[in-house]
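Structure file my_file.cif; described as mmCIF, C-alpha atoms.
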```cif
data_work
#
loop_
_atom_site.label_atom_id
_atom_site.label_comp_id
_atom_site.auth_asym_id
_atom_site.auth_seq_id
_atom_site.Cartn_x
_atom_site.Cartn_y
_atom_site.Cartn_z
CA MET U 1 158.35 101.12 59.56
CA ILE U 2 157.00 101.81 63.04
CA THR U 3 159.73 102.68 65.47
CA LYS U 4 159.82 101.46 69.08
CA LYS U 5 159.22 105.06 70.25
CA GLU U 6 156.09 105.34 68.11
CA MET U 7 154.87 101.97 69.42
CA LEU U 8 155.32 103.11 73.01
CA LYS U 9 153.56 106.41 72.23
CA TYR U 10 150.62 104.49 70.67
CA PHE U 11 150.29 102.18 73.69
CA HIS U 12 150.52 105.17 76.04
CA GLU U 13 147.65 106.89 74.17
CA VAL U 14 145.47 103.74 74.27
CA LYS U 15 146.20 103.33 78.00
CA THR U 16 145.31 106.98 78.67
CA LYS U 17 142.03 106.62 76.72
CA LYS U 18 141.21 103.41 78.64
CA ILE U 19 141.84 105.11 81.97
CA PHE U 20 139.76 108.11 80.87
CA PHE U 21 136.76 105.93 79.90
CA LEU U 22 137.16 103.87 83.08
CA VAL U 23 137.02 107.05 85.19
CA LEU U 24 134.09 108.39 83.15
CA PHE U 25 132.20 105.11 83.48
CA SER U 26 132.87 105.06 87.25
CA VAL U 27 131.54 108.59 87.64
CA ILE U 28 128.41 107.73 85.64
CA PHE U 29 127.93 104.53 87.64
CA ILE U 30 128.41 106.24 91.01
CA SER U 31 125.89 108.97 90.18
CA SER U 32 123.43 106.77 88.30
CA ALA U 33 119.74 106.65 89.15
CA SER U 34 118.91 104.54 92.17
CA ALA U 35 115.55 103.31 93.39
CA GLY U 36 112.57 104.91 91.73
CA ILE U 37 108.81 105.07 92.04
CA GLY U 38 106.22 104.81 89.32
CA ILE U 39 102.50 105.50 89.59
CA ARG U 40 99.80 104.19 87.29
CA SER U 41 96.36 105.61 87.90
CA TYR U 42 93.19 103.99 86.64
CA GLN U 43 90.70 106.50 88.06
CA ASP U 44 91.03 110.17 88.94
CA SER U 45 87.62 110.52 90.58
CA ILE U 46 85.20 108.57 92.77
CA LEU U 47 81.56 109.18 93.69
CA LEU U 48 80.39 108.06 97.14
CA ASN U 49 77.39 108.37 99.44
CA GLU U 50 77.74 109.89 102.90
CA GLY U 51 78.94 107.31 105.40
CA GLU U 52 79.99 104.98 102.60
CA GLN U 53 83.43 103.40 102.40
CA GLY U 54 85.30 103.73 99.14
CA CYS U 55 88.58 102.38 97.88
CA VAL U 56 90.86 103.67 95.17
CA THR U 57 93.37 101.38 93.57
CA ILE U 58 96.54 102.72 92.01
CA GLY U 59 99.35 100.82 90.36
CA ALA U 60 102.89 101.11 91.70
CA TYR U 61 105.92 100.16 89.65
CA ASN U 62 109.66 100.62 89.64
CA PRO U 63 111.39 100.33 86.27
CA PHE U 64 114.76 101.20 87.85
CA ASP U 65 117.47 98.81 89.02
CA THR U 66 117.04 99.01 92.82
CA GLY U 67 114.01 97.93 94.85
CA THR U 68 112.33 100.40 97.18
CA ASN U 69 109.66 100.63 99.90
CA VAL U 70 106.74 102.96 99.29
CA ILE U 71 103.66 104.11 101.16
CA VAL U 72 100.42 105.37 99.70
CA GLY U 73 98.66 108.46 101.06
CA ILE U 74 96.41 111.40 100.25
CA SER U 75 96.99 115.15 100.36
CA ASP U 76 95.92 117.28 103.34
CA SER U 77 92.94 118.76 101.45
CA LEU U 78 91.37 115.29 101.29
CA LYS U 79 92.40 114.29 104.82
CA GLU U 80 89.95 116.95 106.10
CA VAL U 81 86.93 115.08 104.72
CA LEU U 82 87.96 111.45 104.53
CA THR U 83 88.15 109.32 107.65
CA SER U 84 89.37 105.82 108.53
CA GLN U 85 92.09 105.75 105.95
CA GLU U 86 93.68 102.40 105.43
CA ALA U 87 96.84 102.49 103.42
CA ASP U 88 99.13 99.80 102.20
CA SER U 89 102.90 100.02 102.28
CA LYS U 90 104.71 97.92 99.76
CA TYR U 91 108.11 96.87 98.57
CA LEU U 92 108.56 97.60 94.88
CA PRO U 93 110.99 95.13 93.36
CA PRO U 94 113.44 96.47 90.77
CA GLU U 95 112.65 96.47 87.06
CA THR U 96 108.87 96.26 87.41
CA SER U 97 107.28 97.60 84.23
CA SER U 98 104.15 99.75 84.10
CA ASP U 99 102.32 96.79 82.52
CA ASN U 100 103.04 94.76 85.67
CA ALA U 101 102.27 97.56 88.13
CA ILE U 102 101.44 96.28 91.64
CA PRO U 103 97.91 97.32 92.68
CA LEU U 104 97.81 99.27 95.97
CA LYS U 105 94.47 99.92 97.62
CA PHE U 106 93.65 103.07 99.58
CA CYS U 107 90.35 102.90 101.49
CA PHE U 108 88.50 105.68 103.26
CA LYS U 109 85.07 106.61 104.62
CA VAL U 110 83.12 109.78 103.84
CA PRO U 111 81.45 111.26 106.95
CA GLN U 112 78.09 113.11 106.97
CA ILE U 113 78.79 116.45 105.32
CA TYR U 114 75.36 117.76 104.24
CA GLN U 115 73.38 119.93 106.68
CA ARG U 116 70.33 118.13 108.15
CA ASP U 117 67.21 119.57 109.78
CA CYS U 118 66.73 117.64 113.03
CA SER U 119 63.83 117.72 115.52
CA VAL U 120 65.58 116.35 118.60
CA GLY U 121 69.33 116.97 118.82
CA SER U 122 70.78 114.97 115.97
CA PHE U 123 67.78 112.61 115.81
CA ILE U 124 64.62 112.57 113.69
CA CYS U 125 66.34 114.41 110.82
CA GLU U 126 65.41 115.22 107.26
CA LEU U 127 67.75 115.97 104.37
CA LYS U 128 66.48 118.21 101.55
CA CYS U 129 69.69 118.44 99.45
CA ASN U 130 69.26 122.10 98.52
CA GLU U 131 73.04 122.56 98.42
CA GLU U 132 75.16 121.76 95.37
CA GLN U 133 76.90 118.40 95.28
CA LYS U 134 80.18 118.66 97.17
CA VAL U 135 83.38 117.66 95.39
CA TYR U 136 86.75 117.53 97.14
CA ASP U 137 89.98 117.91 95.16
CA GLY U 138 93.32 116.54 96.21
CA ASP U 139 96.06 114.09 95.33
CA ILE U 140 96.83 110.47 95.96
CA TYR U 141 100.54 109.82 96.20
CA LEU U 142 103.20 107.16 96.50
CA GLN U 143 106.14 108.15 98.68
CA SER U 144 109.54 106.60 99.18
CA ILE U 145 110.78 105.88 102.68
CA PRO U 146 113.38 108.64 103.16
CA ALA U 147 117.07 107.74 103.16
CA THR U 148 119.29 108.76 106.04
CA ASN U 149 121.72 111.63 105.61
CA GLU U 150 125.21 110.43 104.90
CA GLY U 151 126.80 113.39 106.68
CA GLY U 152 127.56 113.21 110.38
CA GLY U 153 128.09 116.53 112.13
CA ILE U 154 127.51 118.40 108.88
CA ALA U 155 124.63 120.64 107.95
CA GLY U 156 122.47 118.97 105.38
CA SER U 157 119.13 117.67 104.22
CA THR U 158 117.72 114.20 103.82
CA THR U 159 115.66 113.72 100.69
CA LYS U 160 112.45 111.91 99.93
CA MET U 161 110.62 111.43 96.70
CA SER U 162 107.00 110.99 95.73
CA VAL U 163 104.77 110.74 92.69
CA SER U 164 101.17 111.85 92.73
CA ARG U 165 97.98 111.87 90.68
CA PRO U 166 94.93 114.08 91.19
CA LEU U 167 91.91 112.57 92.95
CA LYS U 168 88.40 114.05 93.08
CA VAL U 169 85.94 112.73 95.64
CA GLY U 170 82.31 113.59 94.91
CA VAL U 171 79.78 113.04 97.69
CA VAL U 172 76.23 112.18 96.60
CA CYS U 173 73.40 113.83 98.54
CA THR U 174 70.40 111.50 98.82
CA PRO U 175 67.36 113.43 100.11
CA HIS U 176 65.13 111.78 102.70
CA SER U 177 62.10 112.85 104.76
CA ARG U 178 62.15 113.03 108.54
CA ASP U 179 63.29 109.71 109.91
CA TYR U 180 61.13 108.60 112.84
CA THR U 181 62.78 105.22 113.27
CA LEU U 182 64.41 106.17 116.54
CA ALA U 183 61.10 107.49 117.95
CA TYR U 184 59.35 104.21 117.09
CA VAL U 185 62.16 102.21 118.67
CA VAL U 186 61.92 104.27 121.87
CA ILE U 187 58.07 103.91 122.02
CA ALA U 188 58.29 100.15 121.41
CA ALA U 189 60.97 99.76 124.06
CA VAL U 190 59.14 101.85 126.71
CA SER U 191 55.73 100.22 126.15
CA GLY U 192 57.25 96.75 125.95
CA LEU U 193 59.14 97.32 129.19
CA THR U 194 55.98 98.61 130.93
CA ILE U 195 53.95 95.58 129.80
CA PHE U 196 56.72 93.29 130.98
CA LEU U 197 56.92 94.96 134.41
CA VAL U 198 53.13 94.80 134.98
CA VAL U 199 52.93 91.13 133.95
CA PHE U 200 56.03 90.30 135.95
CA ARG U 201 54.65 92.03 139.06
CA ARG U 202 51.47 90.02 138.77
CA LEU U 203 53.18 86.71 138.31
CA ARG U 204 55.63 87.42 141.09
CA LYS U 205 52.86 87.15 143.80
CA PRO U 206 52.78 83.72 145.55
CA LYS U 207 50.05 81.26 144.46
CA VAL U 208 48.30 81.44 147.87
CA GLU U 209 47.99 85.22 147.54
CA ARG U 210 46.75 84.95 143.95
CA ASP U 211 44.15 82.32 145.09
CA LYS U 212 43.10 84.62 147.94
CA GLU U 213 42.57 87.44 145.42
CA LYS U 214 40.48 85.11 143.25
CA LEU U 215 38.47 84.05 146.31
CA MET U 216 37.88 87.68 147.26
CA LYS U 217 36.63 88.37 143.71
CA LEU U 218 34.29 85.36 143.88
CA LYS U 219 32.97 86.43 147.30
CA GLU U 220 32.32 89.91 145.95
CA ALA U 221 30.45 88.48 142.96
CA ILE U 222 28.33 86.18 145.23
CA ARG U 223 27.56 89.10 147.53
CA LYS U 224 26.38 91.19 144.56
CA GLU U 225 24.22 88.32 143.23
CA SER U 226 22.60 87.68 146.62
CA SER U 227 21.82 91.36 147.13
CA LYS U 228 20.16 91.40 143.67
CA LYS U 229 17.97 88.37 144.63
CA LYS U 230 16.92 89.98 147.91
CA ARG U 231 15.61 92.94 145.94
CA MET Q 1 43.08 96.48 139.23
CA LYS Q 2 40.73 97.56 136.52
CA GLY Q 3 42.87 100.69 135.81
CA GLU Q 4 45.97 98.53 135.58
CA ASN Q 5 44.32 96.39 132.94
CA ILE Q 6 43.38 99.46 130.89
CA ALA Q 7 46.99 100.69 131.08
CA LEU Q 8 48.19 97.25 130.03
CA VAL Q 9 45.94 97.26 126.96
CA ALA Q 10 46.97 100.86 126.09
CA PHE Q 11 50.68 100.03 126.28
CA GLY Q 12 50.06 96.86 124.29
CA LEU Q 13 48.43 98.89 121.51
CA LEU Q 14 51.28 101.43 121.62
CA PHE Q 15 53.85 98.65 121.35
CA LEU Q 16 51.99 97.14 118.41
CA PHE Q 17 51.75 100.55 116.68
CA ALA Q 18 55.50 101.19 117.08
CA ILE Q 19 56.39 97.75 115.72
CA ILE Q 20 54.07 98.17 112.69
CA MET Q 21 55.49 101.65 111.94
CA LEU Q 22 59.04 100.36 112.22
CA PHE Q 23 58.21 97.57 109.80
CA ILE Q 24 56.62 100.03 107.35
CA THR Q 25 59.51 102.52 107.44
CA GLN Q 26 62.10 99.81 106.98
CA SER Q 27 60.39 98.07 104.05
CA LYS Q 28 59.53 100.65 101.46
CA ILE Q 29 57.41 99.14 98.73
CA THR Q 30 58.07 100.19 95.16
CA GLY Q 31 56.10 99.55 92.03
CA TYR Q 32 57.01 97.02 89.43
CA ALA Q 33 59.53 98.13 86.82
CA THR Q 34 61.21 96.35 84.00
CA THR Q 35 64.44 97.68 82.50
CA ALA Q 36 67.19 96.34 80.31
CA THR Q 37 70.70 97.75 80.57
CA THR Q 38 74.05 97.17 79.05
CA THR Q 39 77.35 98.57 80.22
CA SER Q 40 80.05 100.26 78.23
CA ASN Q 41 83.37 101.17 79.76
CA VAL Q 42 86.88 102.23 78.95
CA THR Q 43 89.82 102.62 81.32
CA ILE Q 44 92.30 105.35 80.53
CA SER Q 45 95.46 105.09 82.57
CA VAL Q 46 98.26 107.58 83.03
CA TYR Q 47 101.62 106.33 84.23
CA PHE Q 48 105.06 107.70 84.93
CA ALA Q 49 108.05 106.81 87.08
CA ILE Q 50 110.84 108.93 88.51
CA ALA Q 51 114.12 108.25 90.28
CA MET Q 52 116.70 110.31 92.12
CA SER Q 53 120.39 109.99 91.32
CA ASN Q 54 122.35 108.05 93.95
CA ASN Q 55 123.94 111.25 95.24
CA LEU Q 56 120.53 112.91 95.65
CA THR Q 57 119.12 109.81 97.38
CA SER Q 58 121.90 109.85 99.95
CA GLY Q 59 121.08 113.43 100.97
CA ILE Q 60 122.37 116.96 100.43
CA THR Q 61 125.35 117.95 102.56
CA PHE Q 62 127.14 121.28 102.81
CA GLY Q 63 130.31 120.24 104.59
CA ASN Q 64 131.87 121.92 107.63
CA ILE Q 65 131.47 125.67 107.73
CA SER Q 66 133.77 127.47 110.14
CA SER Q 67 133.67 131.16 109.17
CA LEU Q 68 130.42 133.09 109.41
CA PRO Q 69 128.56 134.57 107.66
CA PHE Q 70 128.91 132.20 104.72
CA THR Q 71 127.05 132.81 101.49
CA ASN Q 72 126.24 130.14 98.90
CA ALA Q 73 127.98 127.16 100.47
CA ASN Q 74 127.99 124.49 97.78
CA SER Q 75 126.35 121.13 98.25
CA SER Q 76 129.06 118.45 98.11
CA HIS Q 77 127.76 117.10 94.78
CA ASN Q 78 127.26 120.39 92.92
CA TYR Q 79 130.30 119.89 90.68
CA ASP Q 80 131.16 116.16 90.55
CA GLY Q 81 128.86 114.96 87.77
CA VAL Q 82 129.33 114.26 84.07
CA ASN Q 83 128.59 117.22 81.82
CA THR Q 84 125.71 116.70 79.43
CA THR Q 85 126.61 119.64 77.24
CA ALA Q 86 129.90 121.02 76.01
CA GLN Q 87 131.36 124.11 77.59
CA GLY Q 88 133.94 125.91 75.46
CA SER Q 89 136.74 123.50 74.61
CA ASN Q 90 135.81 121.24 77.50
CA LEU Q 91 133.72 118.57 75.74
CA ASN Q 92 133.98 115.77 78.26
CA GLY Q 93 134.02 117.64 81.52
CA THR Q 94 133.05 116.15 84.85
CA ASN Q 95 132.11 119.31 86.67
CA GLY Q 96 128.38 119.21 86.14
CA THR Q 97 126.07 118.33 89.03
CA SER Q 98 125.51 114.71 90.07
CA THR Q 99 122.17 115.44 91.74
CA TRP Q 100 119.30 114.94 89.36
CA LEU Q 101 115.86 113.48 88.89
CA ASN Q 102 115.14 111.12 86.03
CA VAL Q 103 111.85 110.39 84.26
CA SER Q 104 111.76 106.74 83.27
CA ALA Q 105 111.37 105.80 79.61
CA ASP Q 106 108.49 103.63 80.84
CA SER Q 107 106.16 106.65 81.15
CA ASN Q 108 103.30 107.81 78.93
CA THR Q 109 103.40 111.44 80.04
CA ALA Q 110 106.00 114.12 80.62
CA VAL Q 111 106.58 115.09 84.24
CA ASP Q 112 106.79 118.33 86.24
CA PHE Q 113 108.88 118.29 89.42
CA CYS Q 114 107.89 120.08 92.61
CA LEU Q 115 110.25 120.85 95.52
CA LYS Q 116 109.71 121.86 99.13
CA GLY Q 117 111.43 121.85 102.47
CA ASP Q 118 109.57 120.15 105.31
CA ALA Q 119 111.05 122.49 107.95
CA ALA Q 120 113.91 124.87 108.66
CA LEU Q 121 117.37 123.34 109.13
CA THR Q 122 117.36 122.52 112.82
CA SER Q 123 119.98 121.77 115.43
CA GLY Q 124 118.39 121.32 118.85
CA ALA Q 125 116.62 124.60 119.57
CA ASN Q 126 118.54 126.51 116.87
CA THR Q 127 117.48 126.90 113.26
CA ILE Q 128 118.68 128.17 109.90
CA GLY Q 129 115.66 129.47 107.99
CA ILE Q 130 114.33 127.39 105.12
CA GLY Q 131 114.78 130.43 102.85
CA ASN Q 132 118.56 130.19 103.36
CA GLU Q 133 118.63 126.91 101.47
CA THR Q 134 118.43 127.50 97.71
CA TYR Q 135 118.42 125.52 94.50
CA ALA Q 136 118.62 125.97 90.74
CA ASN Q 137 117.48 123.51 88.09
CA HIS Q 138 118.13 122.93 84.40
CA THR Q 139 117.61 120.23 81.80
CA LEU Q 140 121.37 120.27 81.05
CA THR Q 141 124.43 120.35 83.24
CA ASN Q 142 128.01 121.55 82.98
CA PHE Q 143 130.17 123.86 85.08
CA SER Q 144 127.74 126.77 84.50
CA LEU Q 145 124.42 124.92 84.54
CA PRO Q 146 122.31 124.96 86.63
CA ALA Q 147 123.42 128.50 87.37
CA LEU Q 148 123.80 130.10 90.77
CA GLY Q 149 122.34 133.25 89.18
CA SER Q 150 118.94 131.55 88.89
CA GLU Q 151 118.85 130.20 92.46
CA THR Q 152 115.46 130.01 94.19
CA ALA Q 153 114.86 129.73 97.92
CA PHE Q 154 113.13 126.64 99.30
CA THR Q 155 109.68 127.15 100.81
CA LEU Q 156 107.52 125.00 103.06
CA SER Q 157 105.02 124.30 100.26
CA TYR Q 158 105.64 122.66 96.90
CA VAL Q 159 106.89 124.88 94.07
CA LYS Q 160 107.47 123.74 90.47
CA ALA Q 161 111.16 123.28 89.70
CA GLY Q 162 111.56 121.53 86.35
CA SER Q 163 108.66 121.37 83.92
CA ASN Q 164 107.72 119.13 81.03
CA ILE Q 165 110.59 116.67 81.49
CA ALA Q 166 110.00 114.05 78.82
CA ALA Q 167 110.28 110.29 79.36
CA GLY Q 168 113.93 109.23 79.49
CA ASN Q 169 115.24 112.72 80.38
CA ASN Q 170 116.71 114.31 83.52
CA SER Q 171 116.24 117.52 85.47
CA TYR Q 172 119.52 118.62 87.09
CA TYR Q 173 119.78 120.44 90.43
CA ARG Q 174 122.38 122.38 92.40
CA PHE Q 175 121.92 123.38 96.04
CA TRP Q 176 123.40 126.16 98.14
CA LEU Q 177 123.17 127.27 101.76
CA ASP Q 178 123.55 130.74 103.29
CA VAL Q 179 124.62 130.62 106.93
CA PRO Q 180 123.99 133.95 108.70
CA ALA Q 181 126.41 135.54 111.14
CA GLY Q 182 125.68 134.57 114.72
CA THR Q 183 124.45 131.10 113.86
CA SER Q 184 125.16 128.79 116.79
CA SER Q 185 127.43 125.83 116.18
CA GLY Q 186 125.77 122.47 115.65
CA THR Q 187 124.63 119.96 113.06
CA TYR Q 188 121.66 121.36 111.19
CA ASN Q 189 119.31 119.01 109.38
CA ASN Q 190 115.97 118.98 107.64
CA THR Q 191 114.15 117.01 104.93
CA LEU Q 192 113.59 118.09 101.35
CA SER Q 193 110.76 116.58 99.31
CA PHE Q 194 110.75 116.03 95.56
CA GLU Q 195 107.43 115.26 93.92
CA GLY Q 196 106.69 114.23 90.35
CA VAL Q 197 103.31 115.12 88.80
CA SER Q 198 102.12 114.67 85.25
CA THR Q 199 102.84 117.80 83.21
CA GLY Q 200 100.33 120.58 83.80
CA GLY Q 201 99.13 119.09 87.08
CA GLY Q 202 99.29 120.98 90.36
CA CYS Q 203 101.96 120.32 92.95
#
```
Would you mind writing the file out in structure tokens?
Amino acid sequence: MITKKEMLKYFHEVKTKKIFFLVLFSVIFISSASAGIGIRSYQDSILLNEGEQGCVTIGAYNPFDTGTNVIVGISDSLKEVLTSQEADSKYLPPETSSDNAIPLKFCFKVPQIYQRDCSVGSFICELKCNEEQKVYDGDIYLQSIPATNEGGGIAGSTTKMSVSRPLKVGVVCTPHSRDYTLAYVVIAAVSGLTIFLVVFRRLRKPKVERDKEKLMKLKEAIRKESSKKKR
Amino acid sequence: MKGENIALVAFGLLFLFAIIMLFITQSKITGYATTATTTSNVTISVYFAIAMSNNLTSGITFGNISSLPFTNANSSHNYDGVNTTAQGSNLNGTNGTSTWLNVSADSNTAVDFCLKGDAALTSGANTIGIGNETYANHTLTNFSLPALGSETAFTLSYVKAGSNIAAGNNSYYRFWLDVPAGTSSGTYNNTLSFEGVSTGGGC
């Protein structure tokens, strides 16, 4: 036989256990993982010509239960050589799997990095490619937009999170002989302009004047002919 | 008049020469070639995802400090998390840390974590050096772990803090702050960065 006292003790124990698990669950829930960032890389290196624009696509995903905003960027070591960076920022919805990663494009342009031998300033140059091919190492990363610090008037730190993958950028050196294109353009322009000015100056004279000049020429020719006959 | 005509012809020839040379340099003629190619490719992708605990996302705070100097001020979430490992008779303790980084199960590589401070803690023109902010990390947590005894000072460049964390696992962190004597009153803030890289990769 179970006494009333034992019954009460049993219910008290069950209640205590319930409260304990409720508290435990709450603590776990409160401190559970929030928004996350995932990176899926399809290429760790890219080969480009000088002056060429290249784009790297990486996949972004968020298998966690809260959506987040991310930006894509490159490490400082690559910023030194790559110009005109165009980066996407994107909202990553919650529970996106790696198989459904959202493609994010990062585009950049490689400037002229190989030493050229030029005749006039930076014109009429040749490139011999005696140096070794240049390869720049760095990272491409996805970064969360930082949260604001919850503390007001208290010392503390805001936190931000990122994921990164290595990225190598190789720059192809294509040798070429001295390029005289600019010199030819300048010669064509100068001679063309001169021809135009001479022809224009001639045509600019009034018709009466041009006829007078023709008449003078004719008179000169007649005078020469008549002097020949006299001889 | 005669000289002008000669100049006109000379410039005409020069113009013609420049145009012909431009045409030649721009259209380089190559020989005939016949080739047959086929492509072969494979894409190898590496993927991993990380997340901060809610308490780490909302920032690291050290409360109000009124007596200086103060050594090892605890972050407000150093001891309010669920223990992942037993400590003595305390099997279900809740005095572990609640600041951690998780590697998602949807990852095909283990992850190393890197930490850095972006600047010293700053309040107007006053600062508390970045080296005064410290952390310790461990793959488990209870009252003793991560231990104050293994604290490391933050630096301005990334340093590895948690290596080879497998998919589905956490790296736990505790944070402390040393406030030197003579520190001016104020609210000191900075930003701490946490980066995940695939195991073995550089920060």
Using only C-alpha atoms, pick whichever of U:Ser227, U:Asn62, U:Ser164, U:Ser157 has the shortest atom-to-atom distance to Asn100 (chain U). U:Asn62
So what does the PyMOL selection byres ((chain Q) within 7 of (chain U)) actually pick up in this one, as an NGL selection string? :Q and (8 or 11-12 or 14-15 or 18-19 or 21-22 or 43-55 or 57-64 or 81-82 or 98 or 106 or 187-197)
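Put simply, CA of Arg201 (chain U) is 19.2 Å away from CA of Met216 (chain U).
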Could you tell me which of Q:Thr127, Q:Gly3, Q:Ser107, Q:Ala119 comes closest to Ser157 (chain Q) if we count all atoms listed in the file?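 Using all atoms listed in the file, the shortest distance to Ser157 (chain Q) belongs to Q:Ala119.
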Can you spell out as an mmCIF file with C-alpha atoms, in the coordinates of the input the set of residues that the PyMOL selection byres ((chain Q and resi 133) around 8) selects in the structure I just provided?
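Result went into result.cif, see below:
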```cif
data_model
loop_
_atom_site.group_PDB
_atom_site.id
_atom_site.type_symbol
_atom_site.label_atom_id
_atom_site.label_comp_id
_atom_site.auth_asym_id
_atom_site.auth_seq_id
_atom_site.Cartn_x
_atom_site.Cartn_y
_atom_site.Cartn_z
ATOM 1 C CA GLY Q 129 115.660 129.470 107.990
ATOM 2 C CA ILE Q 130 114.330 127.390 105.120
ATOM 3 C CA GLY Q 131 114.780 130.430 102.850
ATOM 4 C CA ASN Q 132 118.560 130.190 103.360
ATOM 5 C CA THR Q 134 118.430 127.500 97.710
ATOM 6 C CA TYR Q 135 118.420 125.520 94.500
ATOM 7 C CA ALA Q 153 114.860 129.730 97.920
ATOM 8 C CA PHE Q 154 113.130 126.640 99.300
ATOM 9 C CA PHE Q 175 121.920 123.380 96.040
ATOM 10 C CA TRP Q 176 123.400 126.160 98.140
ATOM 11 C CA LEU Q 177 123.170 127.270 101.760
ATOM 12 C CA ASP Q 178 123.550 130.740 103.290
#
```
List the residues selected by the PyMOL selection byres ((chain U and resi 129) around 10) in the file shown, writing them as an MDAnalysis selection string. chainID U and resid 114:116 126:128 130:133 172:176
Contacts of Leu104 (chain U) at 9 Å or less, counting all atoms listed in the file, minus same-chain residues fewer than 3 places along, as a list in words? Val56, Thr57, Ile58, Gly59, Ala60, Val72, Ala87, Asp88, Ser89 and Lys90 of chain U
Test item: residues at most 12 Å from Leu68 (chain Q), only C-alpha atoms, excluding those fewer than 2 positions along its chain, as a ChimeraX atom specification: /Q:64-66,70-73,178-185
Around the point (123.8, 129.2, 86.2) (coordinates from the file), which residues reach within 12 Å if we count all atoms listed in the file? Answer as a PyMOL selection string. chain Q and resi 78+96-97+135-152+172-175
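What separates CA of Gly51 (chain U) from CA of Cys118 (chain U) is a distance of 17.7 Å.
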Between CA of Thr83 (chain U) and CA of Pro111 (chain U), what distance in Å does the model show, to one decimal? 7.0 Å
